[in-house]
Amino acid sequence: MACKDAQDQRSRGLPGFLPGAPAPDRSFHPSYPHPENQVWQPALPRPGSLPPGLEYLSQLDLIIIHQQVELLGMILGTETSNKYEIKNSLGQRIYFAVEESICFNRTFCSTLRACTLKVMDHSGREVITVNRPLRCNSCWCPCYLQELEIQAPPGTIVGYVAQKWDPFLPKFTIQNANKEDILKIVGPCATCGCFGDVDFEVKTINEKLTIGKISKYWSGFVNDVFTNADNFGIHVPADLDVTVKAAMIGACFLFDFMFFEHSLAGL
C-alpha cells in the first residue's frame with residue numbers, strides 16, 4: 001500500500017513544477033508566494049560549454065522580470081528585501097531572485113544599499129549571484145559610480161555592469177570577467193515613466209548600432225505610486241552569450257534600485 005501511495009504521488013508531481021522536472025532540494029525553503037500557482041519552464045539538457053543553470057537562457061530573446069509586491073512595505077512604508085520572478089515569453093518561471101541585505105542598509109542607505117541577489121532555478125539551486133557594493137550614483141561623484149559583479153555559477157565571475165559618467169544620460173557598460181567593455185546601455189534623460197514605458201537601449205561599444213533594449217513597463221498610476229512592484233523586459237538576440245544575458249538580468253536589478261525603487265515613506 002505504501003509503495004502504491006508513493007507511485008501515485010510521483011505521478012501527480014509536485015505543486016508548482018511541471019511533470020518530469022527534477023524534484024526540488026528539500027533543504028532549501030525560499031519564501032515563494034503561492035508556489036502552487038506558478039508554472040516553471042521544464043528542465044533543459046545542458047550543453048557542456050554553458051555554465052550550469054544558464055541553459056534556460058540559451059534560446060531566449062525576451063526575458064521578463066517581475067518584482068513581487070511587498071505588502072508589508074506597502075502597509076508600513078518600510079523597505080523590505082526585494083524578490084523577483086524571472087520568466088520566459090510564455091510566462092513560465094525560469095528563475096526566482098531574492099535580495100540579501102541587512103535592515104540597517106535598507107533603512108539608511110535606501111536605494112544605494114549594498115546587497116547580494118541570489119538567482120535560483122526550479123530546484124532551489126543558486127545559478128547566478130549578483131553582488132552590489134555600496135557606491136554613489138551622482139554625476140558629481142564620477143570616481144565611485146555604481147557597479148555590479150555577476151557570478152555564474154556562484155564563485156565564478158563572468159562579468160560586470162558598470163555605470164559610466166555622463167552629465168545628461170544614464171550610461172552603463174556590460175563587461176566581461178576581465179573588465180573589458182562588451183556592450184553599452186544608454187537610458188533616457190527622464191526615467192520617471194509616469195505614463196509609459198522607459199527604454200534603456202543596448203548598443204555596441206561605439207553606440208552606432210542598437211541590438212536590444214531593457215524596458216521598464218508602465219504598470220498603471222496606482223501600482224507605480226503605491227507599490228514597489230516593477231515589471232521589466234529584456235529584449236536581446238537569441239544567440240547572445242548566456243553570460244551577457246545573465247549580466248543584463250543584473251543590470252535590470254540595478255536599474256530598479258537606481259531609478260524605480262520607492263516606498264510610501266517617500267511620498
# chains A, B, ... in the order shown; residues from 1 in each chain; ligands from 1

$ residues_around --residues "Glu85 in chain A" --least-positions-apart "4" --cutoff "12 Å" --atoms "only C-alpha atoms" --output "number ranges by chain"
A: 32-33, 35, 38-40, 63-69, 91-99, 118-122, 229-233, 249, 253

$ write_last_selection --atoms "C-alpha atoms" --output "PDB file, in the first residue's frame"
ATOM      1  CA  TYR A  32       7.818  31.798  -2.715  1.00  0.00           C
ATOM      2  CA  PRO A  33       4.397  33.447  -2.747  1.00  0.00           C
ATOM      3  CA  PRO A  35       4.207  28.385  -5.377  1.00  0.00           C
ATOM      4  CA  GLN A  38       3.488  29.045 -10.506  1.00  0.00           C
ATOM      5  CA  VAL A  39       4.411  27.244 -13.713  1.00  0.00           C
ATOM      6  CA  TRP A  40       8.103  26.562 -14.245  1.00  0.00           C
ATOM      7  CA  ILE A  63      13.333  37.741 -20.544  1.00  0.00           C
ATOM      8  CA  ILE A  64      10.577  39.085 -18.304  1.00  0.00           C
ATOM      9  CA  ILE A  65      11.363  40.203 -14.759  1.00  0.00           C
ATOM     10  CA  HIS A  66       8.514  40.808 -12.349  1.00  0.00           C
ATOM     11  CA  GLN A  67       9.094  42.234  -8.901  1.00  0.00           C
ATOM     12  CA  GLN A  68       6.963  40.717  -6.166  1.00  0.00           C
ATOM     13  CA  VAL A  69       4.575  43.031  -4.323  1.00  0.00           C
ATOM     14  CA  GLY A  91       5.107  33.279 -18.768  1.00  0.00           C
ATOM     15  CA  GLN A  92       6.892  30.201 -17.407  1.00  0.00           C
ATOM     16  CA  ARG A  93       9.148  30.916 -14.472  1.00  0.00           C
ATOM     17  CA  ILE A  94      12.797  30.094 -15.134  1.00  0.00           C
ATOM     18  CA  TYR A  95      14.380  31.668 -12.052  1.00  0.00           C
ATOM     19  CA  PHE A  96      13.487  33.277  -8.760  1.00  0.00           C
ATOM     20  CA  ALA A  97      15.715  36.003  -7.270  1.00  0.00           C
ATOM     21  CA  VAL A  98      15.942  37.061  -3.631  1.00  0.00           C
ATOM     22  CA  GLU A  99      17.805  40.034  -2.213  1.00  0.00           C
ATOM     23  CA  LYS A 118      20.730  35.228  -5.423  1.00  0.00           C
ATOM     24  CA  VAL A 119      19.103  33.837  -8.545  1.00  0.00           C
ATOM     25  CA  MET A 120      17.817  30.256  -8.195  1.00  0.00           C
ATOM     26  CA  ASP A 121      16.311  27.723 -10.562  1.00  0.00           C
ATOM     27  CA  HIS A 122      13.285  25.446 -10.019  1.00  0.00           C
ATOM     28  CA  ALA A 229       6.225  46.146  -7.941  1.00  0.00           C
ATOM     29  CA  ASP A 230       8.039  46.811 -11.200  1.00  0.00           C
ATOM     30  CA  ASN A 231       7.992  44.857 -14.444  1.00  0.00           C
ATOM     31  CA  PHE A 232      10.882  44.701 -16.888  1.00  0.00           C
ATOM     32  CA  GLY A 233      11.531  43.119 -20.253  1.00  0.00           C
ATOM     33  CA  ILE A 249      19.467  40.444 -15.632  1.00  0.00           C
ATOM     34  CA  PHE A 253      18.067  44.745 -10.820  1.00  0.00           C
TER      35      PHE A 253
END

$ select_by_dssp --residues "range 56-202 of chain A" --states "helix (DSSP H, G or I)" --output "PyMOL selection string"
chain A and resi 56-57+71-76+103-112

$ atom_distance --atom1 "CA of Leu57 in chain A" --atom2 "CA of Asp239 in chain A"
9.5 Å

$ atom_distance --atom1 "CA of Trp165 in chain A" --atom2 "CA of Pro237 in chain A"
27.0 Å

$ residues_around --residues "Pro153 in chain A" --least-positions-apart "4" --cutoff "12 Å" --atoms "only C-alpha atoms" --output "list in words"
Leu50, Pro51, Pro52, Gly53, Leu54, Glu55, Lys118, Val119, Met120, Asp121, Arg125, Glu126, Val127, Ile128, Thr129, Val130, Ile157, Val158, Gly159, Val242, Thr243 and Ala246 of chain A

$ atom_distance --atom1 "CA of Met258 in chain A" --atom2 "CA of Cys189 in chain A"
13.9 Å
